[in-house]
file final_31.txt (compact mmCIF, C-alpha atoms and all ligand atoms)
# COMPACT_ATOMS: atom_id res chain seq x y z
CA MET W 234 -79.67 -59.19 -24.42
CA THR W 235 -78.49 -57.61 -21.18
CA ARG W 236 -74.98 -57.60 -19.78
CA GLU W 237 -73.44 -57.58 -16.32
CA PHE W 238 -70.94 -54.84 -15.60
CA LEU W 239 -68.83 -53.45 -12.81
CA LYS W 240 -68.57 -49.73 -12.19
CA MET W 241 -65.02 -48.95 -11.04
CA HIS W 242 -62.85 -45.90 -10.74
CA GLY W 243 -59.32 -44.78 -10.08
CA LEU W 244 -59.37 -41.37 -8.34
CA GLY W 245 -62.74 -40.56 -9.94
CA ASN W 246 -61.66 -41.48 -13.51
CA ASP W 247 -64.51 -43.95 -13.96
CA PHE W 248 -65.10 -47.10 -15.95
CA VAL W 249 -67.77 -49.54 -16.98
CA VAL W 250 -65.99 -52.90 -16.95
CA ILE W 251 -67.37 -55.91 -18.83
CA ASP W 252 -65.93 -59.41 -18.48
CA ALA W 253 -66.13 -60.96 -21.96
CA ARG W 254 -63.40 -63.56 -21.51
CA SER W 255 -65.80 -66.40 -22.35
CA GLU W 256 -67.21 -64.91 -25.55
CA SER W 257 -66.56 -62.52 -28.38
CA TYR W 258 -67.87 -59.00 -27.68
CA ARG W 259 -66.93 -56.00 -29.82
CA PRO W 260 -69.44 -53.20 -29.17
CA SER W 261 -69.95 -50.59 -31.84
CA GLY W 262 -68.91 -46.97 -31.34
CA ALA W 263 -72.58 -46.03 -30.98
CA GLU W 264 -73.03 -48.65 -28.25
CA VAL W 265 -70.00 -47.40 -26.32
CA ARG W 266 -71.14 -43.79 -26.63
CA ALA W 267 -74.62 -44.71 -25.33
CA ILE W 268 -73.24 -46.59 -22.31
CA ALA W 269 -70.75 -43.80 -21.56
CA ASP W 270 -73.34 -41.04 -21.88
CA ARG W 271 -74.14 -39.87 -18.34
CA ARG W 272 -77.55 -38.54 -19.43
CA MET W 273 -78.86 -41.81 -20.84
CA GLY W 274 -76.49 -44.63 -19.90
CA VAL W 275 -74.52 -45.72 -16.89
CA GLY W 276 -71.92 -43.08 -17.67
CA CYS W 277 -68.16 -43.44 -17.69
CA ASP W 278 -64.95 -41.91 -18.99
CA GLN W 279 -63.72 -45.21 -20.44
CA PHE W 280 -65.42 -48.49 -21.33
CA ILE W 281 -63.25 -51.50 -20.51
CA VAL W 282 -63.72 -55.00 -21.91
CA LEU W 283 -61.76 -57.96 -20.55
CA GLU W 284 -61.18 -60.41 -23.39
CA LYS W 285 -59.47 -63.78 -23.46
CA THR W 286 -55.92 -63.85 -24.75
CA ASP W 287 -53.30 -66.35 -25.88
CA ALA W 288 -50.47 -63.95 -25.00
CA PRO W 289 -47.90 -65.82 -22.89
CA GLY W 290 -48.08 -64.85 -19.22
CA ALA W 291 -51.25 -62.77 -19.54
CA ASP W 292 -54.46 -63.49 -17.62
CA ALA W 293 -56.62 -61.37 -19.95
CA PHE W 294 -56.58 -58.75 -22.67
CA MET W 295 -57.79 -55.30 -21.60
CA ARG W 296 -59.53 -53.38 -24.40
CA ILE W 297 -59.96 -49.66 -23.75
CA ARG W 298 -62.60 -47.50 -25.38
CA ASN W 299 -63.01 -43.79 -24.70
CA ALA W 300 -66.42 -42.23 -24.06
CA ASP W 301 -66.49 -41.05 -27.69
CA GLY W 302 -66.17 -44.67 -28.88
CA SER W 303 -62.52 -44.41 -29.98
CA GLU W 304 -60.04 -47.07 -28.93
CA ALA W 305 -56.99 -46.30 -26.77
CA ALA W 306 -53.93 -48.47 -26.18
CA ALA W 307 -53.28 -47.36 -22.59
CA CYS W 308 -55.25 -46.36 -19.52
CA GLY W 309 -53.34 -46.19 -16.26
CA ASN W 310 -56.28 -45.91 -13.87
CA ALA W 311 -58.18 -48.78 -15.54
CA SER W 312 -54.98 -50.84 -15.47
CA ARG W 313 -54.91 -50.63 -11.68
CA CYS W 314 -58.61 -51.60 -11.57
CA VAL W 315 -58.12 -54.58 -13.90
CA GLY W 316 -54.96 -55.64 -12.07
CA TRP W 317 -56.88 -55.58 -8.79
CA LEU W 318 -59.79 -57.57 -10.27
CA LEU W 319 -57.46 -60.26 -11.59
CA MET W 320 -55.60 -60.46 -8.27
CA GLU W 321 -58.86 -60.76 -6.32
CA GLU W 322 -59.94 -63.52 -8.71
CA SER W 323 -56.72 -65.54 -8.42
CA GLY W 324 -55.96 -64.77 -4.77
CA ARG W 325 -52.42 -63.81 -5.80
CA ASP W 326 -50.56 -60.54 -5.23
CA ARG W 327 -49.55 -60.12 -8.86
CA ALA W 328 -51.38 -60.09 -12.18
CA SER W 329 -50.37 -59.58 -15.79
CA PHE W 330 -52.57 -58.58 -18.67
CA GLN W 331 -52.14 -57.75 -22.30
CA THR W 332 -53.07 -54.39 -23.80
CA ALA W 333 -52.75 -52.94 -27.29
CA ALA W 334 -49.58 -51.24 -25.99
CA GLY W 335 -48.04 -54.42 -24.54
CA LEU W 336 -48.01 -56.68 -21.49
CA LEU W 337 -48.56 -54.90 -18.15
CA HIS W 338 -47.74 -56.18 -14.68
CA ALA W 339 -49.70 -55.16 -11.57
CA SER W 340 -48.92 -55.84 -7.93
CA ARG W 341 -50.25 -54.94 -4.51
CA ALA W 342 -48.69 -51.95 -2.73
CA ASP W 343 -49.25 -50.37 0.71
CA ASN W 344 -52.65 -49.23 2.02
CA GLY W 345 -54.64 -51.25 -0.53
CA ARG W 346 -53.01 -49.40 -3.38
CA ILE W 347 -51.99 -51.08 -6.64
CA THR W 348 -48.78 -50.57 -8.60
CA VAL W 349 -48.70 -51.02 -12.36
CA ASP W 350 -45.46 -51.10 -14.32
CA MET W 351 -46.52 -48.94 -17.25
CA GLY W 352 -43.38 -49.78 -19.22
CA ALA W 353 -40.89 -47.47 -20.89
CA PRO W 354 -41.95 -44.05 -22.16
CA ARG W 355 -41.37 -43.44 -25.86
CA LEU W 356 -39.88 -40.05 -26.62
CA ASP W 357 -39.08 -40.08 -30.31
CA TRP W 358 -41.29 -37.73 -32.38
CA ALA W 359 -42.49 -40.56 -34.65
CA ALA W 360 -43.53 -42.69 -31.66
CA ILE W 361 -45.69 -39.98 -30.06
CA PRO W 362 -46.76 -39.67 -32.90
CA LEU W 363 -46.13 -36.12 -34.12
CA ALA W 364 -46.96 -35.04 -37.66
CA ALA W 365 -43.41 -33.84 -38.38
CA PRO W 366 -39.91 -34.23 -36.94
CA SER W 367 -39.58 -32.22 -33.75
CA ASP W 368 -37.69 -32.11 -30.47
CA THR W 369 -40.22 -33.72 -28.11
CA LEU W 370 -38.79 -31.78 -25.18
CA ARG W 371 -40.31 -28.61 -26.67
CA VAL W 372 -42.80 -29.06 -29.50
CA GLU W 373 -42.50 -25.50 -30.79
CA THR W 374 -45.25 -25.81 -33.41
CA VAL W 375 -47.89 -26.32 -30.70
CA GLU W 376 -49.13 -22.98 -29.40
CA HIS W 377 -52.53 -21.56 -28.52
CA GLY W 378 -54.09 -19.21 -25.98
CA GLY W 379 -50.82 -18.29 -24.30
CA PHE W 380 -49.70 -21.92 -23.87
CA ALA W 381 -46.82 -23.22 -25.97
CA ALA W 382 -44.11 -25.80 -26.53
CA PRO W 383 -45.33 -28.83 -24.54
CA VAL W 384 -43.24 -31.90 -23.81
CA ALA W 385 -44.53 -34.85 -25.87
CA VAL W 386 -44.48 -38.33 -24.30
CA ASN W 387 -45.98 -41.62 -25.41
CA MET W 388 -46.98 -43.91 -22.53
CA GLY W 389 -48.71 -46.35 -24.88
CA ASN W 390 -50.88 -43.35 -25.82
CA PRO W 391 -49.95 -39.80 -26.85
CA HIS W 392 -49.56 -37.00 -24.30
CA ALA W 393 -48.59 -33.34 -24.46
CA VAL W 394 -47.55 -31.80 -21.13
CA PHE W 395 -47.55 -28.02 -20.64
CA PHE W 396 -45.74 -26.63 -17.59
CA VAL W 397 -47.61 -23.67 -16.12
CA ASP W 398 -47.31 -21.33 -13.14
CA ASP W 399 -50.90 -21.90 -12.01
CA ALA W 400 -52.73 -25.08 -13.07
CA GLU W 401 -56.01 -23.86 -11.53
CA ALA W 402 -56.08 -20.84 -13.85
CA VAL W 403 -55.96 -22.89 -17.07
CA PRO W 404 -59.26 -22.70 -19.03
CA LEU W 405 -59.16 -26.44 -19.64
CA ASP W 406 -62.50 -26.73 -21.43
CA GLU W 407 -61.44 -24.03 -23.92
CA VAL W 408 -57.86 -24.97 -24.69
CA GLY W 409 -58.14 -28.74 -24.11
CA PRO W 410 -60.10 -29.56 -27.28
CA VAL W 411 -57.91 -27.22 -29.37
CA PHE W 412 -54.72 -29.01 -28.32
CA GLU W 413 -56.31 -32.49 -28.45
CA ASN W 414 -57.10 -31.89 -32.12
CA HIS W 415 -54.00 -29.84 -33.01
CA PRO W 416 -52.58 -30.80 -36.44
CA ALA W 417 -49.25 -31.62 -34.79
CA PHE W 418 -50.93 -34.73 -33.31
CA PRO W 419 -52.15 -37.00 -36.14
CA GLU W 420 -53.75 -39.41 -33.62
CA ARG W 421 -54.93 -36.55 -31.37
CA ALA W 422 -53.41 -36.33 -27.87
CA ASN W 423 -54.16 -36.28 -24.17
CA ILE W 424 -53.36 -32.83 -22.78
CA GLU W 425 -51.87 -32.16 -19.34
CA PHE W 426 -51.26 -28.86 -17.54
CA ALA W 427 -48.69 -29.31 -14.80
CA GLN W 428 -47.53 -26.98 -12.04
CA VAL W 429 -44.39 -28.07 -10.24
CA LEU W 430 -44.89 -27.57 -6.48
CA SER W 431 -41.62 -29.11 -5.30
CA PRO W 432 -39.07 -31.68 -6.52
CA THR W 433 -41.49 -34.40 -5.33
CA ALA W 434 -44.94 -32.92 -6.03
CA ILE W 435 -46.75 -31.75 -9.15
CA ARG W 436 -50.30 -30.43 -9.43
CA MET W 437 -51.78 -31.61 -12.74
CA ARG W 438 -55.09 -31.14 -14.56
CA VAL W 439 -56.01 -33.12 -17.64
CA TRP W 440 -58.04 -32.98 -20.82
CA GLU W 441 -58.28 -36.55 -22.13
CA ARG W 442 -58.48 -37.51 -25.77
CA GLY W 443 -61.95 -38.89 -26.42
CA ALA W 444 -63.25 -38.13 -22.94
CA GLY W 445 -62.60 -34.45 -22.08
CA ILE W 446 -61.91 -33.29 -18.54
CA THR W 447 -61.53 -36.20 -16.13
CA GLN W 448 -60.77 -36.32 -12.42
CA ALA W 449 -57.51 -38.14 -13.01
CA CYS W 450 -55.42 -39.74 -15.75
CA GLY W 451 -52.91 -42.46 -14.87
CA SER W 452 -51.00 -42.50 -18.14
CA GLY W 453 -51.11 -38.67 -18.09
CA SER W 454 -49.55 -38.69 -14.62
CA CYS W 455 -46.78 -40.97 -15.90
CA ALA W 456 -46.23 -38.68 -18.89
CA THR W 457 -46.15 -35.63 -16.61
CA LEU W 458 -43.47 -37.10 -14.33
CA VAL W 459 -41.38 -38.15 -17.34
CA ALA W 460 -41.75 -34.67 -18.84
CA ALA W 461 -40.78 -33.00 -15.56
CA VAL W 462 -37.68 -35.17 -15.17
CA ARG W 463 -36.66 -34.49 -18.78
CA ARG W 464 -36.97 -30.75 -18.14
CA GLY W 465 -34.95 -31.10 -14.92
CA LEU W 466 -37.86 -29.92 -12.78
CA THR W 467 -38.37 -32.80 -10.32
CA ASP W 468 -36.86 -35.95 -8.87
CA ARG W 469 -37.49 -39.27 -10.63
CA LYS W 470 -40.22 -40.07 -8.09
CA ALA W 471 -43.02 -37.64 -7.29
CA ASP W 472 -46.65 -37.36 -6.27
CA ILE W 473 -49.00 -36.17 -9.00
CA ILE W 474 -51.89 -34.29 -7.41
CA LEU W 475 -55.02 -34.58 -9.54
CA ASP W 476 -58.59 -33.32 -9.08
CA GLY W 477 -59.55 -36.81 -7.82
CA GLY W 478 -56.55 -37.46 -5.58
CA THR W 479 -52.89 -38.38 -5.72
CA LEU W 480 -50.84 -40.91 -7.68
CA THR W 481 -47.20 -41.72 -6.94
CA ILE W 482 -45.13 -42.07 -10.09
CA GLU W 483 -41.53 -43.26 -10.39
CA TRP W 484 -39.38 -43.34 -13.54
CA THR W 485 -36.77 -45.94 -12.64
CA GLU W 486 -33.15 -45.82 -13.74
CA ASP W 487 -33.84 -48.88 -15.90
CA ASP W 488 -36.52 -46.90 -17.80
CA ARG W 489 -39.74 -48.29 -16.32
CA VAL W 490 -42.57 -46.01 -15.21
CA LEU W 491 -44.23 -47.29 -12.03
CA MET W 492 -47.65 -45.92 -11.13
CA THR W 493 -49.10 -46.48 -7.64
CA GLY W 494 -52.59 -45.49 -6.53
CA PRO W 495 -55.98 -46.58 -5.28
CA VAL W 496 -58.72 -48.60 -6.92
CA ALA W 497 -62.44 -48.42 -6.17
CA LEU W 498 -65.28 -50.81 -6.99
CA ALA W 499 -68.36 -48.57 -6.88
CA PHE W 500 -71.16 -51.00 -7.76
CA SER W 501 -72.20 -53.80 -10.09
CA GLY W 502 -75.22 -53.81 -12.36
CA ARG W 503 -76.70 -54.97 -15.61
CA LEU W 504 -76.75 -52.98 -18.85
CA SER W 505 -80.22 -52.88 -20.38
CA ALA W 506 -80.87 -54.57 -23.72
CA GLU W 507 -81.54 -51.12 -25.18
CA LEU W 508 -78.06 -49.92 -24.23
CA VAL W 509 -76.24 -53.09 -25.22
CA SER W 510 -77.76 -53.41 -28.66
CA GLY W 511 -77.54 -49.66 -29.24
CA GLY W 512 -79.96 -50.07 -32.11
CA GLN W 513 -77.63 -47.92 -34.18
CA VAL W 514 -75.05 -48.49 -36.84
CA ASP W 515 -71.45 -47.75 -35.86
CA ALA W 516 -70.43 -44.30 -37.05
N1 LIG J 601 -57.90 -42.35 -18.27
C1 LIG J 601 -56.76 -42.92 -18.80
C2 LIG J 601 -56.43 -42.74 -20.25
C3 LIG J 601 -57.54 -43.24 -21.17
C4 LIG J 601 -57.19 -43.21 -22.65
C5 LIG J 601 -56.93 -41.83 -23.21
N2 LIG J 601 -58.07 -40.97 -23.09
C6 LIG J 601 -56.47 -41.95 -24.67
O1 LIG J 601 -57.29 -41.78 -25.58
O2 LIG J 601 -55.30 -42.22 -24.88
C7 LIG J 601 -55.61 -43.16 -17.87
O3 LIG J 601 -55.88 -43.25 -16.65
O4 LIG J 601 -54.49 -43.32 -18.31
call {"tool": "encode", "arguments": {"input": "final_31.txt", "output": "structure tokens"}}
result
Amino acid sequence: MTREFLKMHGLGNDFVVIDARSESYRPSGAEVRAIADRRMGVGCDQFIVLEKTDAPGADAFMRIRNADGSEAAACGNASRCVGWLLMEESGRDRASFQTAAGLLHASRADNGRITVDMGAPRLDWAAIPLAAPSDTLRVETVEHGGFAAPVAVNMGNPHAVFFVDDAEAVPLDEVGPVFENHPAFPERANIEFAQVLSPTAIRMRVWERGAGITQACGSGSCATLVAAVRRGLTDRKADIILDGGTLTIEWTEDDRVLMTGPVALAFSGRLSAELVSGGQVDA
């Protein structure tokens, strides 16, 4: 069996998107890894499946799988892509969809950009989750390679944000996997290195749980802005400057995190039967 897909991205954080709203489709971890593998498959950071849902007010359920096959509850960049797809389909300027982290609302913004209300950040140590009680403003038990005491934020998924003097100098491929798998994070974590440029601009580089270095991370940008505001480093609205471009993030006074940025539909195609069946047992 073959399958149609869309290749989309948000600031270079790229996705294979499958519309499975009319059927039941739960690919194995091996299948996801094969499709995400840039050497043998289409290649992507995350694999997104649109499923049907009975959730009130939702047009679809968005299931998120990382390139390593693991499931994630939040993906900001894919949320803008899915929001855009649903709006194009309905002809409306708003769309709502369910995720494992809750119901998300997307709307059209200026210059073709899309805004997604990513909900309220969770800041309690147990909600991150952390392995032991800790002040999430400075997780003192997390330290490696000269980097220490990140701010922990859950945006539907776990993030640890380190503030640094020079984001470009961070050896992301060395320290990223160490922090992702640090024992303080029982569900692993997405790792951000943020350099505050001004009260309204932050340069950020990311190591994503289950995907490694990506060009951009929407939920990571939200977590970074929340962390910066909690540390008193920026205003409540700022641009997050990523390798792939810029997102505008606002943490509203009523505790919503609004993410605004572009969406790109790169191409459509068909996954080969070999890739879809995987031919392997889920690991
Ligand atoms: N690229 C994403 C985040 C995808 C999920 C993440 N790697 C996790 O495991 O939580 C984004 O744009 O937010």
call {"tool": "atom_distance", "arguments": {"input": "final_31.txt", "atom1": "CA of Leu370 (chain W)", "atom2": "CA of His415 (chain W)"}}
result
17.2 Å
call {"tool": "closest_atom_pairs", "arguments": {"input": "final_31.txt", "of": "chain W", "to": "ligand LIG 601 (chain J)", "cutoff": "10 Å", "atoms": "all atoms listed in the file", "output": "CSV"}}
result
residue,atom,partner,partner_atom,distance
W:His242,CA,J:LIG601,O3,9.5
W:Gly243,CA,J:LIG601,O3,7.6
W:Leu244,CA,J:LIG601,O3,9.2
W:Gly245,CA,J:LIG601,N1,9.8
W:Asn246,CA,J:LIG601,N1,6.1
W:Asp247,CA,J:LIG601,N1,8.1
W:Phe248,CA,J:LIG601,N1,8.9
W:Asp278,CA,J:LIG601,N1,7.1
W:Gln279,CA,J:LIG601,C3,6.5
W:Phe280,CA,J:LIG601,C3,9.5
W:Ile297,CA,J:LIG601,C4,7.1
W:Arg298,CA,J:LIG601,C4,7.4
W:Asn299,CA,J:LIG601,N2,5.9
W:Ala300,CA,J:LIG601,N2,8.5
W:Asp301,CA,J:LIG601,O1,9.5
W:Gly302,CA,J:LIG601,O1,9.9
W:Ser303,CA,J:LIG601,O1,7.3
W:Glu304,CA,J:LIG601,O1,6.8
W:Ala305,CA,J:LIG601,O1,4.7
W:Ala306,CA,J:LIG601,O2,6.5
W:Ala307,CA,J:LIG601,C4,5.7
W:Cys308,CA,J:LIG601,O4,3.4
W:Gly309,CA,J:LIG601,O4,3.7
W:Asn310,CA,J:LIG601,O3,3.9
W:Ala311,CA,J:LIG601,O3,6.1
W:Ser312,CA,J:LIG601,O3,7.7
W:Arg313,CA,J:LIG601,O3,9.0
W:Met351,CA,J:LIG601,O4,9.8
W:Asn387,CA,J:LIG601,O2,9.4
W:Met388,CA,J:LIG601,O4,8.6
W:Gly389,CA,J:LIG601,O2,7.8
W:Asn390,CA,J:LIG601,O2,4.7
W:Pro391,CA,J:LIG601,O2,6.2
W:His392,CA,J:LIG601,O2,7.8
W:Glu413,CA,J:LIG601,O1,9.8
W:Glu420,CA,J:LIG601,O1,9.1
W:Arg421,CA,J:LIG601,O1,8.2
W:Ala422,CA,J:LIG601,O2,6.9
W:Asn423,CA,J:LIG601,O2,6.1
W:Ile424,CA,J:LIG601,N2,9.4
W:Val439,CA,J:LIG601,N1,9.4
W:Trp440,CA,J:LIG601,N2,8.3
W:Glu441,CA,J:LIG601,N2,4.5
W:Arg442,CA,J:LIG601,N2,4.4
W:Gly443,CA,J:LIG601,N2,5.5
W:Ala444,CA,J:LIG601,N2,5.9
W:Gly445,CA,J:LIG601,N2,8.0
W:Ile446,CA,J:LIG601,N2,9.7
W:Thr447,CA,J:LIG601,N1,7.5
W:Gln448,CA,J:LIG601,N1,8.9
W:Ala449,CA,J:LIG601,O3,6.5
W:Cys450,CA,J:LIG601,O3,3.7
W:Gly451,CA,J:LIG601,O3,3.6
W:Ser452,CA,J:LIG601,O4,3.6
W:Gly453,CA,J:LIG601,O4,5.8
W:Ser454,CA,J:LIG601,O4,7.7
W:Cys455,CA,J:LIG601,O4,8.4
W:Ala456,CA,J:LIG601,O4,9.5
call {"tool": "axis_aligned_box", "arguments": {"input": "final_31.txt", "around": "region 316-330 of chain W", "padding_each_side": "8 Å", "output": "lines of an AutoDock Vina configuration file"}}
result
center_x = -54.7
center_y = -60.6
center_z = -11.7
size_x = 26.4
size_y = 26.0
size_z = 29.9
call {"tool": "residues_around", "arguments": {"input": "final_31.txt", "residues": "region 316-323 of chain W", "least_positions_apart": "3", "cutoff": "8 Å", "atoms": "all atoms listed in the file", "output": "list of chain:residue names"}}
result
W:Asp292, W:Ser312, W:Arg313, W:Asp326, W:Arg327, W:Ala328, W:Ser329, W:Phe330, W:His338, W:Ala339, W:Ser340, W:Arg341, W:Ile347, W:Val349, W:Val496
call {"tool": "residues_around", "arguments": {"input": "final_31.txt", "residues": "Arg371 (chain W)", "least_positions_apart": "6", "cutoff": "12 Å", "atoms": "all atoms listed in the file", "output": "compact mmCIF listing (two decimals) with C-alpha atoms, keeping the file's coordinate frame"}}
result
# COMPACT_ATOMS: atom_id res chain seq x y z
CA LEU W 356 -39.88 -40.05 -26.62
CA TRP W 358 -41.29 -37.73 -32.38
CA PHE W 380 -49.70 -21.92 -23.87
CA ALA W 381 -46.82 -23.22 -25.97
CA ALA W 382 -44.11 -25.80 -26.53
CA PRO W 383 -45.33 -28.83 -24.54
CA VAL W 384 -43.24 -31.90 -23.81
CA ALA W 385 -44.53 -34.85 -25.87
CA VAL W 386 -44.48 -38.33 -24.30
CA ALA W 393 -48.59 -33.34 -24.46
CA VAL W 394 -47.55 -31.80 -21.13
CA PHE W 395 -47.55 -28.02 -20.64
CA PHE W 396 -45.74 -26.63 -17.59
CA ALA W 460 -41.75 -34.67 -18.84
CA ALA W 461 -40.78 -33.00 -15.56
CA ARG W 463 -36.66 -34.49 -18.78
CA ARG W 464 -36.97 -30.75 -18.14
call {"tool": "residues_around", "arguments": {"input": "final_31.txt", "residues": "region 479-489 of chain W", "least_positions_apart": "2", "cutoff": "7 Å", "atoms": "all atoms listed in the file", "output": "PyMOL selection string"}}
result
chain W and resi 350-353+455+458-459+469-475+491-494
call {"tool": "write_last_selection", "arguments": {"input": "final_31.txt", "atoms": "C-alpha atoms", "output": "CSV table (one decimal), in the frame of the given file"}}
result
chain,number,residue,atom,x,y,z
W,350,ASP,CA,-45.5,-51.1,-14.3
W,351,MET,CA,-46.5,-48.9,-17.2
W,352,GLY,CA,-43.4,-49.8,-19.2
W,353,ALA,CA,-40.9,-47.5,-20.9
W,455,CYS,CA,-46.8,-41.0,-15.9
W,458,LEU,CA,-43.5,-37.1,-14.3
W,459,VAL,CA,-41.4,-38.2,-17.3
W,469,ARG,CA,-37.5,-39.3,-10.6
W,470,LYS,CA,-40.2,-40.1,-8.1
W,471,ALA,CA,-43.0,-37.6,-7.3
W,472,ASP,CA,-46.6,-37.4,-6.3
W,473,ILE,CA,-49.0,-36.2,-9.0
W,474,ILE,CA,-51.9,-34.3,-7.4
W,475,LEU,CA,-55.0,-34.6,-9.5
W,491,LEU,CA,-44.2,-47.3,-12.0
W,492,MET,CA,-47.6,-45.9,-11.1
W,493,THR,CA,-49.1,-46.5,-7.6
W,494,GLY,CA,-52.6,-45.5,-6.5
